[in-house]
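Working notes, structure below.
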Amino acid sequence: MNPFDYEFMIHAYLAAAIVAVVAGATGYVLVLRGQSFAGHALGHVGFAGATGAILLGLPPLSGLVAVTVGGGLLMGLLGERMGERDVGIGLVLAASLGLGLLFLGWFSGSATRATALLFGNVLGVDTGTLAALLAVSVTTLAGMAVLARPLLFASLQPELAAARGVPLRLVGVLFLGLVGLAVAGAAQVVGVLLVFSLLVGPAAAAQRMTTRLVPGVVLCVALALGEALGGITLAFYSNWPASFWITALGVVAYGAAVGRDAVRF
Amino acid sequence: MISVRVEGASLGHAGRVVLENIDFELRQGEFVGLFGPNGAGKTTLLRSLLGLVSPIAGRIEVLGAAARRGNPDIGYLPQTGGANVPRLRVVDVLAASLGGHRWGFSPVGRVGRAGIERALERVGAASLAERPMSALSGGERQRVLIAQALIGTPRLLLLDEPLAGLDPRHQGEIVALLRDVQLVLGITVMCSAHDINVLLPAMDRALFVAGGGVALGPVAQVATGPVLSRLYGAPIDVVRAGGHIFVSGAAALSGAGG
């Protein structure tokens, strides 16, 4: 059995590759800034957006993008004031999932639809979605390239960056907007609930494996790619869900990185 | 030559005036220690020189022009909370700050790397370049951050509590390094500290900040009971013994140091 004989597998590989590169690049900075939770939260909020879009007869990705980007910008604007309100954030996240469920119920009550959004449906990506994912990813990477220098400086040494004239708030807001885009893309592959695995897992592992910046980013993207493509391949041969394999590989990679650290020190 | 000129300036943040109608001047190339109780406005004063806090009233001139954000002639070492020290190599962290104020994306070139190396060598930290920032001791980290502040040959160096959390030996080493850098490069240094004694070997003058005002002068003239009592608005005793200065009094106990 060769996965490349099947069009849906080629689509799956392409979608996963496009998404993994973006998730790796944005995720690296997200973890560096200590904002991993934002990635997780945006996935949850995205569920309401995706189901809302379905209800309106639009592609789920459009609603997902609108809500995750909007949510990201809002989180950036609220900034530190949001940091200590974990109960409030938790309630908003729960409410987003509840709202998504309501939208789905109004539409058809289809459980498959809900499962696909929550846990991903990478084996069912059509060419239209593929094109949309490519557009989202190119936009995100272009944004990251424009933001790269001030973002890195502001993430590593915020007080110093402010003194040198870096607009911290603007940079932070724009970055979380880009994270919103990356989350929307990742949700197409692993689902809104498991976005963390592509966005944060590889980055956290890479930052444990190397303290060099450029190799760290490259390693992070490589891990995200390996986990996504490897997970899909394992799903093909085992008939278990792709999202399960992707998350499992993420845990293995992070575990290996932590274990290596523990042995060294 | 005047390095910093503060005229009738009132400073504050979040609607609260911390320093009112203050005047002082720093000369180019002198080492000034900055002291005062917590919350008296040491950090606000440093931030105003960086253009991060605009004066509510009055005027602040740095190196002949109004204080502005992003002035490349100022090197700055912010107060480190110790939180979120990146697991990244020293050179990578310093490289990220080069050109970090410009949009876009470009690797640091050979000239930039050479500048980082020179700065690290200047402070005796060349061997730390490849180490992760998170693995450095407090003293090593401050040394690296001083190197970073020296990149681009600034004419004014502002340091916010660079000795906090260091043991006395490392405090002494950092103070000696700062004095050496100040004398060799001819730059003005303003350094805030909790304890006046650690800066005694390096300081040309002391700037006390308390009760909304300032007092600037040679240590022998400023660190005296009458001057500090007037500034704090409360009785302060200054005792000199064995080359050390002890500042005592109810107001001083809230962090004047000594």
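If you're wondering about the labels, chains in the structure tokens are A, B, ... by order shown, residues count from 1 in each chain, ligands from 1 in order shown.
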Under the rule of at most 10 Å, produce a per-residue listing of chain B near chain A: chain, number, name, the closest pair of atoms, and the distance in Å, as JSON lines, using only C-alpha atoms.
{"residue": "B:Arg47", "atom": "CA", "partner": "A:Ala163", "partner_atom": "CA", "distance": 8.1}
{"residue": "B:Leu49", "atom": "CA", "partner": "A:Ala163", "partner_atom": "CA", "distance": 9.9}
{"residue": "B:Leu50", "atom": "CA", "partner": "A:Ala163", "partner_atom": "CA", "distance": 6.1}
{"residue": "B:Gly51", "atom": "CA", "partner": "A:Ala163", "partner_atom": "CA", "distance": 7.5}
{"residue": "B:Leu52", "atom": "CA", "partner": "A:Ala163", "partner_atom": "CA", "distance": 6.5}
{"residue": "B:Arg68", "atom": "CA", "partner": "A:Gly165", "partner_atom": "CA", "distance": 8.9}
{"residue": "B:Arg69", "atom": "CA", "partner": "A:Gly165", "partner_atom": "CA", "distance": 5.2}
{"residue": "B:Gly70", "atom": "CA", "partner": "A:Arg164", "partner_atom": "CA", "distance": 3.7}
{"residue": "B:Asn71", "atom": "CA", "partner": "A:Arg164", "partner_atom": "CA", "distance": 6.7}
{"residue": "B:Pro72", "atom": "CA", "partner": "A:Arg164", "partner_atom": "CA", "distance": 7.4}
{"residue": "B:Ile74", "atom": "CA", "partner": "A:Arg164", "partner_atom": "CA", "distance": 9.1}
{"residue": "B:Gly75", "atom": "CA", "partner": "A:Leu160", "partner_atom": "CA", "distance": 9.4}
{"residue": "B:Tyr76", "atom": "CA", "partner": "A:Leu160", "partner_atom": "CA", "distance": 7.0}
{"residue": "B:Leu77", "atom": "CA", "partner": "A:Leu160", "partner_atom": "CA", "distance": 7.3}
{"residue": "B:Pro78", "atom": "CA", "partner": "A:Glu159", "partner_atom": "CA", "distance": 6.4}
{"residue": "B:Gln79", "atom": "CA", "partner": "A:Glu159", "partner_atom": "CA", "distance": 8.6}
{"residue": "B:Thr80", "atom": "CA", "partner": "A:Glu159", "partner_atom": "CA", "distance": 9.2}
{"residue": "B:Asn84", "atom": "CA", "partner": "A:Gly34", "partner_atom": "CA", "distance": 8.0}
{"residue": "B:Val85", "atom": "CA", "partner": "A:Leu156", "partner_atom": "CA", "distance": 7.9}
{"residue": "B:Pro86", "atom": "CA", "partner": "A:Leu156", "partner_atom": "CA", "distance": 6.7}
{"residue": "B:Arg87", "atom": "CA", "partner": "A:Thr211", "partner_atom": "CA", "distance": 5.7}
{"residue": "B:Leu88", "atom": "CA", "partner": "A:Thr211", "partner_atom": "CA", "distance": 4.3}
{"residue": "B:Arg89", "atom": "CA", "partner": "A:Thr211", "partner_atom": "CA", "distance": 5.4}
{"residue": "B:Val90", "atom": "CA", "partner": "A:Arg212", "partner_atom": "CA", "distance": 9.2}
{"residue": "B:Val91", "atom": "CA", "partner": "A:Arg212", "partner_atom": "CA", "distance": 8.8}
{"residue": "B:Asp92", "atom": "CA", "partner": "A:Leu213", "partner_atom": "CA", "distance": 6.1}
{"residue": "B:Val93", "atom": "CA", "partner": "A:Leu156", "partner_atom": "CA", "distance": 7.0}
{"residue": "B:Leu94", "atom": "CA", "partner": "A:Phe153", "partner_atom": "CA", "distance": 8.9}
{"residue": "B:Ala95", "atom": "CA", "partner": "A:Phe153", "partner_atom": "CA", "distance": 8.9}
{"residue": "B:Ala96", "atom": "CA", "partner": "A:Phe153", "partner_atom": "CA", "distance": 5.3}
{"residue": "B:Ser97", "atom": "CA", "partner": "A:Phe153", "partner_atom": "CA", "distance": 5.3}
{"residue": "B:Leu98", "atom": "CA", "partner": "A:Phe153", "partner_atom": "CA", "distance": 8.4}
{"residue": "B:Gly99", "atom": "CA", "partner": "A:Arg149", "partner_atom": "CA", "distance": 7.1}
{"residue": "B:Gly100", "atom": "CA", "partner": "A:Pro150", "partner_atom": "CA", "distance": 4.6}
{"residue": "B:His101", "atom": "CA", "partner": "A:Val166", "partner_atom": "CA", "distance": 5.1}
{"residue": "B:Arg102", "atom": "CA", "partner": "A:Pro150", "partner_atom": "CA", "distance": 6.4}
{"residue": "B:Trp103", "atom": "CA", "partner": "A:Val146", "partner_atom": "CA", "distance": 5.8}
{"residue": "B:Gly104", "atom": "CA", "partner": "A:Val146", "partner_atom": "CA", "distance": 4.1}
{"residue": "B:Phe105", "atom": "CA", "partner": "A:Ala148", "partner_atom": "CA", "distance": 5.3}
{"residue": "B:Ser106", "atom": "CA", "partner": "A:Arg149", "partner_atom": "CA", "distance": 7.6}
{"residue": "B:Pro107", "atom": "CA", "partner": "A:Arg149", "partner_atom": "CA", "distance": 9.1}
{"residue": "B:Glu130", "atom": "CA", "partner": "A:Arg212", "partner_atom": "CA", "distance": 8.6}
{"residue": "B:Arg131", "atom": "CA", "partner": "A:Thr211", "partner_atom": "CA", "distance": 8.2}
{"residue": "B:Pro132", "atom": "CA", "partner": "A:Thr211", "partner_atom": "CA", "distance": 6.0}
{"residue": "B:Met133", "atom": "CA", "partner": "A:Thr211", "partner_atom": "CA", "distance": 8.8}
{"residue": "B:Ser134", "atom": "CA", "partner": "A:Thr211", "partner_atom": "CA", "distance": 9.5}
{"residue": "B:Ala149", "atom": "CA", "partner": "A:Leu160", "partner_atom": "CA", "distance": 9.3}
Export of prior selection with C-alpha atoms as an mmCIF file, in the first residue's frame:
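Output (out-v5.cif):
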data_model
loop_
_atom_site.group_PDB
_atom_site.id
_atom_site.type_symbol
_atom_site.label_atom_id
_atom_site.label_comp_id
_atom_site.auth_asym_id
_atom_site.auth_seq_id
_atom_site.Cartn_x
_atom_site.Cartn_y
_atom_site.Cartn_z
ATOM 1 C CA ARG B 47 13.168 56.346 32.147
ATOM 2 C CA LEU B 49 16.203 60.393 30.275
ATOM 3 C CA LEU B 50 15.402 57.552 27.860
ATOM 4 C CA GLY B 51 12.314 59.377 26.657
ATOM 5 C CA LEU B 52 10.048 56.622 28.007
ATOM 6 C CA ARG B 68 13.724 61.031 23.025
ATOM 7 C CA ARG B 69 13.044 57.330 22.679
ATOM 8 C CA GLY B 70 15.559 55.261 20.806
ATOM 9 C CA ASN B 71 18.495 57.636 21.263
ATOM 10 C CA PRO B 72 21.479 55.536 20.101
ATOM 11 C CA ILE B 74 22.400 56.125 25.418
ATOM 12 C CA GLY B 75 23.271 52.673 26.674
ATOM 13 C CA TYR B 76 20.713 51.267 29.100
ATOM 14 C CA LEU B 77 20.655 48.410 31.528
ATOM 15 C CA PRO B 78 17.109 47.935 32.827
ATOM 16 C CA GLN B 79 16.316 46.550 36.245
ATOM 17 C CA THR B 80 16.171 42.784 35.876
ATOM 18 C CA ASN B 84 11.951 34.895 31.865
ATOM 19 C CA VAL B 85 15.653 34.620 31.114
ATOM 20 C CA PRO B 86 15.787 33.038 27.661
ATOM 21 C CA ARG B 87 17.404 29.672 27.044
ATOM 22 C CA LEU B 88 19.321 31.238 24.182
ATOM 23 C CA ARG B 89 23.026 31.833 23.630
ATOM 24 C CA VAL B 90 24.415 35.183 24.732
ATOM 25 C CA VAL B 91 25.474 36.092 21.170
ATOM 26 C CA ASP B 92 22.001 35.334 19.832
ATOM 27 C CA VAL B 93 20.314 37.512 22.447
ATOM 28 C CA LEU B 94 22.722 40.385 21.787
ATOM 29 C CA ALA B 95 22.372 39.936 18.016
ATOM 30 C CA ALA B 96 18.586 40.200 18.342
ATOM 31 C CA SER B 97 18.995 43.643 19.871
ATOM 32 C CA LEU B 98 21.123 44.909 16.976
ATOM 33 C CA GLY B 99 18.775 46.539 14.510
ATOM 34 C CA GLY B 100 15.876 45.243 16.620
ATOM 35 C CA HIS B 101 14.242 48.657 16.347
ATOM 36 C CA ARG B 102 13.879 48.328 12.572
ATOM 37 C CA TRP B 103 11.128 46.346 10.868
ATOM 38 C CA GLY B 104 11.979 43.453 8.682
ATOM 39 C CA PHE B 105 14.167 40.488 8.783
ATOM 40 C CA SER B 106 17.864 40.201 8.187
ATOM 41 C CA PRO B 107 20.628 38.271 9.850
ATOM 42 C CA GLU B 130 28.323 30.679 23.427
ATOM 43 C CA ARG B 131 26.706 30.004 26.811
ATOM 44 C CA PRO B 132 22.934 30.141 27.194
ATOM 45 C CA MET B 133 21.738 33.304 28.951
ATOM 46 C CA SER B 134 19.754 31.150 31.386
ATOM 47 C CA ALA B 149 24.728 48.489 26.576
#
inquiry  = Give me the residues near Ile236 (chain B) as an MDAnalysis selection string, where near means some atom within 7 Å (using only C-alpha atoms) and where sequence neighbours in that chain fewer than 4 positions away do not count.
reply    = chainID B and resid 225 228:229 247:249
Take the residues that were just selected and, keeping N, CA, C and O atoms, output them as a PDB file, in the first residue's frame.
ATOM      1  N   GLY B 225      23.794  64.470  57.266  1.00  0.00           N
ATOM      2  CA  GLY B 225      22.535  64.533  58.005  1.00  0.00           C
ATOM      3  C   GLY B 225      21.651  65.695  57.581  1.00  0.00           C
ATOM      4  O   GLY B 225      20.488  65.496  57.234  1.00  0.00           O
ATOM      5  N   LEU B 228      20.275  65.392  53.799  1.00  0.00           N
ATOM      6  CA  LEU B 228      19.305  64.314  53.600  1.00  0.00           C
ATOM      7  C   LEU B 228      18.043  64.542  54.437  1.00  0.00           C
ATOM      8  O   LEU B 228      16.944  64.206  54.013  1.00  0.00           O
ATOM      9  N   SER B 229      18.191  65.133  55.631  1.00  0.00           N
ATOM     10  CA  SER B 229      17.017  65.411  56.460  1.00  0.00           C
ATOM     11  C   SER B 229      16.087  66.378  55.738  1.00  0.00           C
ATOM     12  O   SER B 229      14.866  66.203  55.730  1.00  0.00           O
ATOM     13  N   VAL B 247      23.433  55.420  56.699  1.00  0.00           N
ATOM     14  CA  VAL B 247      22.329  56.372  56.695  1.00  0.00           C
ATOM     15  C   VAL B 247      21.220  55.764  57.535  1.00  0.00           C
ATOM     16  O   VAL B 247      20.803  54.635  57.289  1.00  0.00           O
ATOM     17  N   SER B 248      20.753  56.501  58.533  1.00  0.00           N
ATOM     18  CA  SER B 248      19.711  55.924  59.368  1.00  0.00           C
ATOM     19  C   SER B 248      18.623  56.945  59.645  1.00  0.00           C
ATOM     20  O   SER B 248      18.818  58.147  59.502  1.00  0.00           O
ATOM     21  N   GLY B 249      17.476  56.461  60.026  1.00  0.00           N
ATOM     22  CA  GLY B 249      16.323  57.310  60.267  1.00  0.00           C
ATOM     23  C   GLY B 249      15.100  56.608  59.729  1.00  0.00           C
ATOM     24  O   GLY B 249      15.207  55.730  58.885  1.00  0.00           O
TER      25      GLY B 249
END
Can you tell me, as an mmCIF file with C-alpha atoms, in the first residue's frame, which residues in region 84-220 of chain A count as alpha helix (DSSP H) by DSSP?
data_model
loop_
_atom_site.group_PDB
_atom_site.id
_atom_site.type_symbol
_atom_site.label_atom_id
_atom_site.label_comp_id
_atom_site.auth_asym_id
_atom_site.auth_seq_id
_atom_site.Cartn_x
_atom_site.Cartn_y
_atom_site.Cartn_z
ATOM 1 C CA ASP A 86 -7.517 32.805 34.285
ATOM 2 C CA VAL A 87 -11.024 32.087 35.514
ATOM 3 C CA GLY A 88 -12.469 34.669 33.137
ATOM 4 C CA ILE A 89 -10.454 33.306 30.225
ATOM 5 C CA GLY A 90 -11.406 29.740 31.070
ATOM 6 C CA LEU A 91 -15.072 30.702 31.058
ATOM 7 C CA VAL A 92 -14.739 32.443 27.680
ATOM 8 C CA LEU A 93 -13.085 29.329 26.258
ATOM 9 C CA ALA A 94 -15.766 27.030 27.627
ATOM 10 C CA ALA A 95 -18.458 29.374 26.370
ATOM 11 C CA SER A 96 -16.859 29.359 22.898
ATOM 12 C CA LEU A 97 -17.093 25.579 22.719
ATOM 13 C CA GLY A 98 -20.671 25.728 24.015
ATOM 14 C CA LEU A 99 -21.593 28.366 21.459
ATOM 15 C CA GLY A 100 -20.026 26.256 18.706
ATOM 16 C CA LEU A 101 -22.091 23.297 19.821
ATOM 17 C CA LEU A 102 -25.243 25.422 19.709
ATOM 18 C CA PHE A 103 -24.434 26.621 16.163
ATOM 19 C CA LEU A 104 -23.868 23.031 15.063
ATOM 20 C CA GLY A 105 -27.120 21.979 16.690
ATOM 21 C CA TRP A 106 -29.021 24.661 14.811
ATOM 22 C CA PHE A 107 -27.422 23.591 11.565
ATOM 23 C CA ALA A 111 -21.574 14.801 15.309
ATOM 24 C CA THR A 112 -19.116 14.054 12.505
ATOM 25 C CA ARG A 113 -18.975 17.744 11.664
ATOM 26 C CA ALA A 114 -18.207 18.578 15.293
ATOM 27 C CA THR A 115 -15.563 15.865 15.571
ATOM 28 C CA ALA A 116 -13.861 17.098 12.392
ATOM 29 C CA LEU A 117 -13.648 20.634 13.763
ATOM 30 C CA LEU A 118 -12.614 19.629 17.254
ATOM 31 C CA PHE A 119 -10.061 16.964 16.361
ATOM 32 C CA THR A 127 -8.287 21.511 -3.229
ATOM 33 C CA GLY A 128 -10.273 24.614 -2.254
ATOM 34 C CA THR A 129 -9.219 24.282 1.394
ATOM 35 C CA LEU A 130 -5.678 23.581 0.282
ATOM 36 C CA ALA A 131 -5.573 26.851 -1.658
ATOM 37 C CA ALA A 132 -7.058 28.729 1.298
ATOM 38 C CA LEU A 133 -4.490 27.182 3.658
ATOM 39 C CA LEU A 134 -1.698 28.220 1.306
ATOM 40 C CA ALA A 135 -2.996 31.809 1.250
ATOM 41 C CA VAL A 136 -3.286 31.900 5.067
ATOM 42 C CA SER A 137 0.202 30.462 5.482
ATOM 43 C CA VAL A 138 1.924 32.745 2.986
ATOM 44 C CA THR A 139 0.281 35.751 4.673
ATOM 45 C CA THR A 140 1.433 34.579 8.104
ATOM 46 C CA LEU A 141 5.010 33.965 6.997
ATOM 47 C CA ALA A 142 5.153 37.330 5.210
ATOM 48 C CA GLY A 143 3.886 39.006 8.390
ATOM 49 C CA MET A 144 6.450 37.155 10.496
ATOM 50 C CA ALA A 145 9.228 38.277 8.138
ATOM 51 C CA VAL A 146 8.196 41.932 8.473
ATOM 52 C CA LEU A 147 7.859 41.633 12.245
ATOM 53 C CA ALA A 148 10.901 39.409 12.831
ATOM 54 C CA ARG A 149 13.515 41.815 14.196
ATOM 55 C CA PRO A 150 11.425 43.984 16.528
ATOM 56 C CA LEU A 151 9.413 40.935 17.616
ATOM 57 C CA LEU A 152 12.480 38.974 18.617
ATOM 58 C CA PHE A 153 14.024 41.958 20.422
ATOM 59 C CA ALA A 154 10.768 42.775 22.205
ATOM 60 C CA SER A 155 10.318 39.131 23.214
ATOM 61 C CA LEU A 156 13.818 38.716 24.641
ATOM 62 C CA PRO A 158 11.156 44.126 26.428
ATOM 63 C CA GLU A 159 12.405 47.037 28.596
ATOM 64 C CA LEU A 160 15.472 47.510 26.443
ATOM 65 C CA ALA A 161 13.454 47.228 23.233
ATOM 66 C CA ALA A 162 11.056 49.903 24.482
ATOM 67 C CA ALA A 163 13.988 52.187 25.269
ATOM 68 C CA LEU A 168 6.001 46.881 22.208
ATOM 69 C CA ARG A 169 2.237 46.979 22.196
ATOM 70 C CA LEU A 170 1.884 47.213 18.420
ATOM 71 C CA VAL A 171 4.391 44.409 17.898
ATOM 72 C CA GLY A 172 2.616 42.221 20.465
ATOM 73 C CA VAL A 173 -0.820 42.845 18.958
ATOM 74 C CA LEU A 174 0.314 42.166 15.386
ATOM 75 C CA PHE A 175 2.099 38.998 16.483
ATOM 76 C CA LEU A 176 -0.974 37.552 18.193
ATOM 77 C CA GLY A 177 -2.961 38.378 15.037
ATOM 78 C CA LEU A 178 -0.475 36.250 13.092
ATOM 79 C CA VAL A 179 -0.738 33.524 15.734
ATOM 80 C CA GLY A 180 -4.492 33.615 15.104
ATOM 81 C CA LEU A 181 -3.832 32.864 11.426
ATOM 82 C CA ALA A 182 -1.459 30.038 12.322
ATOM 83 C CA VAL A 183 -4.028 28.597 14.741
ATOM 84 C CA ALA A 184 -6.711 28.650 12.038
ATOM 85 C CA GLY A 185 -4.379 26.736 9.735
ATOM 86 C CA ALA A 186 -3.311 24.235 12.389
ATOM 87 C CA ALA A 187 -6.954 23.648 13.361
ATOM 88 C CA GLN A 188 -7.616 22.416 9.821
ATOM 89 C CA VAL A 189 -5.099 19.623 10.386
ATOM 90 C CA VAL A 190 -5.320 18.660 14.057
ATOM 91 C CA VAL A 195 -3.691 23.091 18.060
ATOM 92 C CA PHE A 196 -1.320 23.138 21.033
ATOM 93 C CA SER A 197 0.423 20.013 19.719
ATOM 94 C CA LEU A 198 1.577 21.618 16.452
ATOM 95 C CA LEU A 199 2.057 25.155 17.719
ATOM 96 C CA GLY A 201 5.001 21.083 21.269
ATOM 97 C CA PRO A 202 7.702 21.332 18.577
ATOM 98 C CA ALA A 203 8.786 24.780 19.789
ATOM 99 C CA ALA A 204 9.135 23.672 23.398
ATOM 100 C CA ALA A 205 11.119 20.603 22.324
ATOM 101 C CA ALA A 206 13.372 22.619 19.998
ATOM 102 C CA GLN A 207 14.136 25.173 22.697
ATOM 103 C CA ARG A 208 15.215 22.372 24.997
ATOM 104 C CA MET A 209 17.418 20.806 22.331
ATOM 105 C CA LEU A 213 18.488 30.872 17.612
ATOM 106 C CA VAL A 214 18.518 30.049 13.901
ATOM 107 C CA PRO A 215 19.113 26.297 14.338
ATOM 108 C CA GLY A 216 16.359 26.386 16.971
ATOM 109 C CA VAL A 217 13.800 27.832 14.559
ATOM 110 C CA VAL A 218 14.871 25.399 11.817
ATOM 111 C CA LEU A 219 14.651 22.463 14.240
ATOM 112 C CA CYS A 220 11.243 23.620 15.438
#
task = Would you please extract all strand (DSSP E or B) residues from region 52-149 of chain B, as assigned by DSSP on the backbone, and give them as a ChimeraX atom specification?
result = /B:57-62,65-66,74-77,89,132
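Restricting the calculation to only C-alpha atoms, the smallest distance between Leu26 (chain B) and any of B:Leu216, B:Ile2, B:Val53, B:Ala164 is found for B:Ile2.
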task = Excluding Glu121 (chain B) and residues on its chain fewer than 5 positions from it, collect all residues at most 12 Å away from it, counting only C-alpha atoms, and give them as a VMD selection string.
result = chain B and resid 114 to 116 126 to 129 143 to 144 146 to 148 150 to 151 181
Print the selection's residues with C-alpha atoms to a file, as a compact mmCIF listing (two decimals), in the first residue's frame.
# COMPACT_ATOMS: atom_id res chain seq x y z
CA ALA B 114 32.44 41.75 15.45
CA GLY B 115 30.80 44.55 17.44
CA ILE B 116 29.26 42.02 19.82
CA ALA B 126 34.24 36.85 25.66
CA SER B 127 34.16 33.30 27.04
CA LEU B 128 30.43 33.60 27.79
CA ALA B 129 29.40 34.25 24.17
CA ARG B 143 28.56 41.73 32.70
CA VAL B 144 26.94 40.58 29.45
CA ILE B 146 26.80 45.91 30.31
CA ALA B 147 28.56 44.69 27.16
CA GLN B 148 25.27 44.94 25.32
CA LEU B 150 28.19 49.42 25.25
CA ILE B 151 27.55 48.20 21.68
CA VAL B 181 34.62 51.59 31.20
request  = Please identify all polymer residues within 9 Å of Val227 (chain B), counting only C-alpha atoms, omitting same-chain residues fewer than 5 positions from it, and present them as an MDAnalysis selection string.
outcome  = chainID B and resid 215 221:222 232 236
Would you write out those residues with C-alpha atoms, as a JSON list (two decimals), in the first residue's frame?
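Okay, this is what ended up in out_31.json:
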[["chain", "number", "residue", "atom", "x", "y", "z"],
["B", 215, "ALA", "CA", 20.13, 66.59, 45.88],
["B", 221, "GLN", "CA", 28.71, 67.24, 50.74],
["B", 222, "VAL", "CA", 25.45, 65.46, 49.95],
["B", 232, "TYR", "CA", 13.51, 63.37, 53.08],
["B", 236, "ILE", "CA", 18.19, 61.44, 59.03]]
task = For each of A:Val192, A:Ser108, A:Leu229, A:Ala242, take the minimum atom-to-atom distance to Ile54 (chain A), counting only C-alpha atoms, then give the residue where this is smallest.
result = A:Ser108
inquiry  = Between CA of Arg240 (chain B) and CA of Val219 (chain B), what is the distance in Å, rounded to a tenth?
reply    =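 The value is 11.5 Å.
Interatomic distance, CA of Ala202 (chain B) to CA of Ile60 (chain B): 25.4 Å.
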Quick one: residues within 12 Å of Phe4 (chain A), only C-alpha atoms, excluding same-chain residues fewer than 4 positions away - as a PDB file with C-alpha atoms, in the first residue's frame?
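Ended up saving to out-v1.pdb:
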ATOM      1  CA  PHE A   8      -6.651  12.414  -0.356  1.00  0.00           C
ATOM      2  CA  MET A   9      -3.268  11.412   1.079  1.00  0.00           C
ATOM      3  CA  ILE A  10      -1.391  13.809  -1.185  1.00  0.00           C
ATOM      4  CA  HIS A  11      -3.798  16.560  -0.120  1.00  0.00           C
ATOM      5  CA  ALA A  12      -3.256  15.608   3.509  1.00  0.00           C
ATOM      6  CA  TYR A  13       0.540  15.724   3.165  1.00  0.00           C
ATOM      7  CA  LEU A  14       0.392  19.095   1.410  1.00  0.00           C
ATOM      8  CA  ILE A 232      -0.507  11.144   8.721  1.00  0.00           C
ATOM      9  CA  THR A 233       1.627   8.289   7.422  1.00  0.00           C
ATOM     10  CA  PHE A 236      -2.633   5.644   6.817  1.00  0.00           C
TER      11      PHE A 236
END
message = I'd like to know which of A:Leu249, A:Leu223, A:Met1, A:Ala48 is closest to Leu61 (chain A), using only C-alpha atoms.
response = A:Ala48
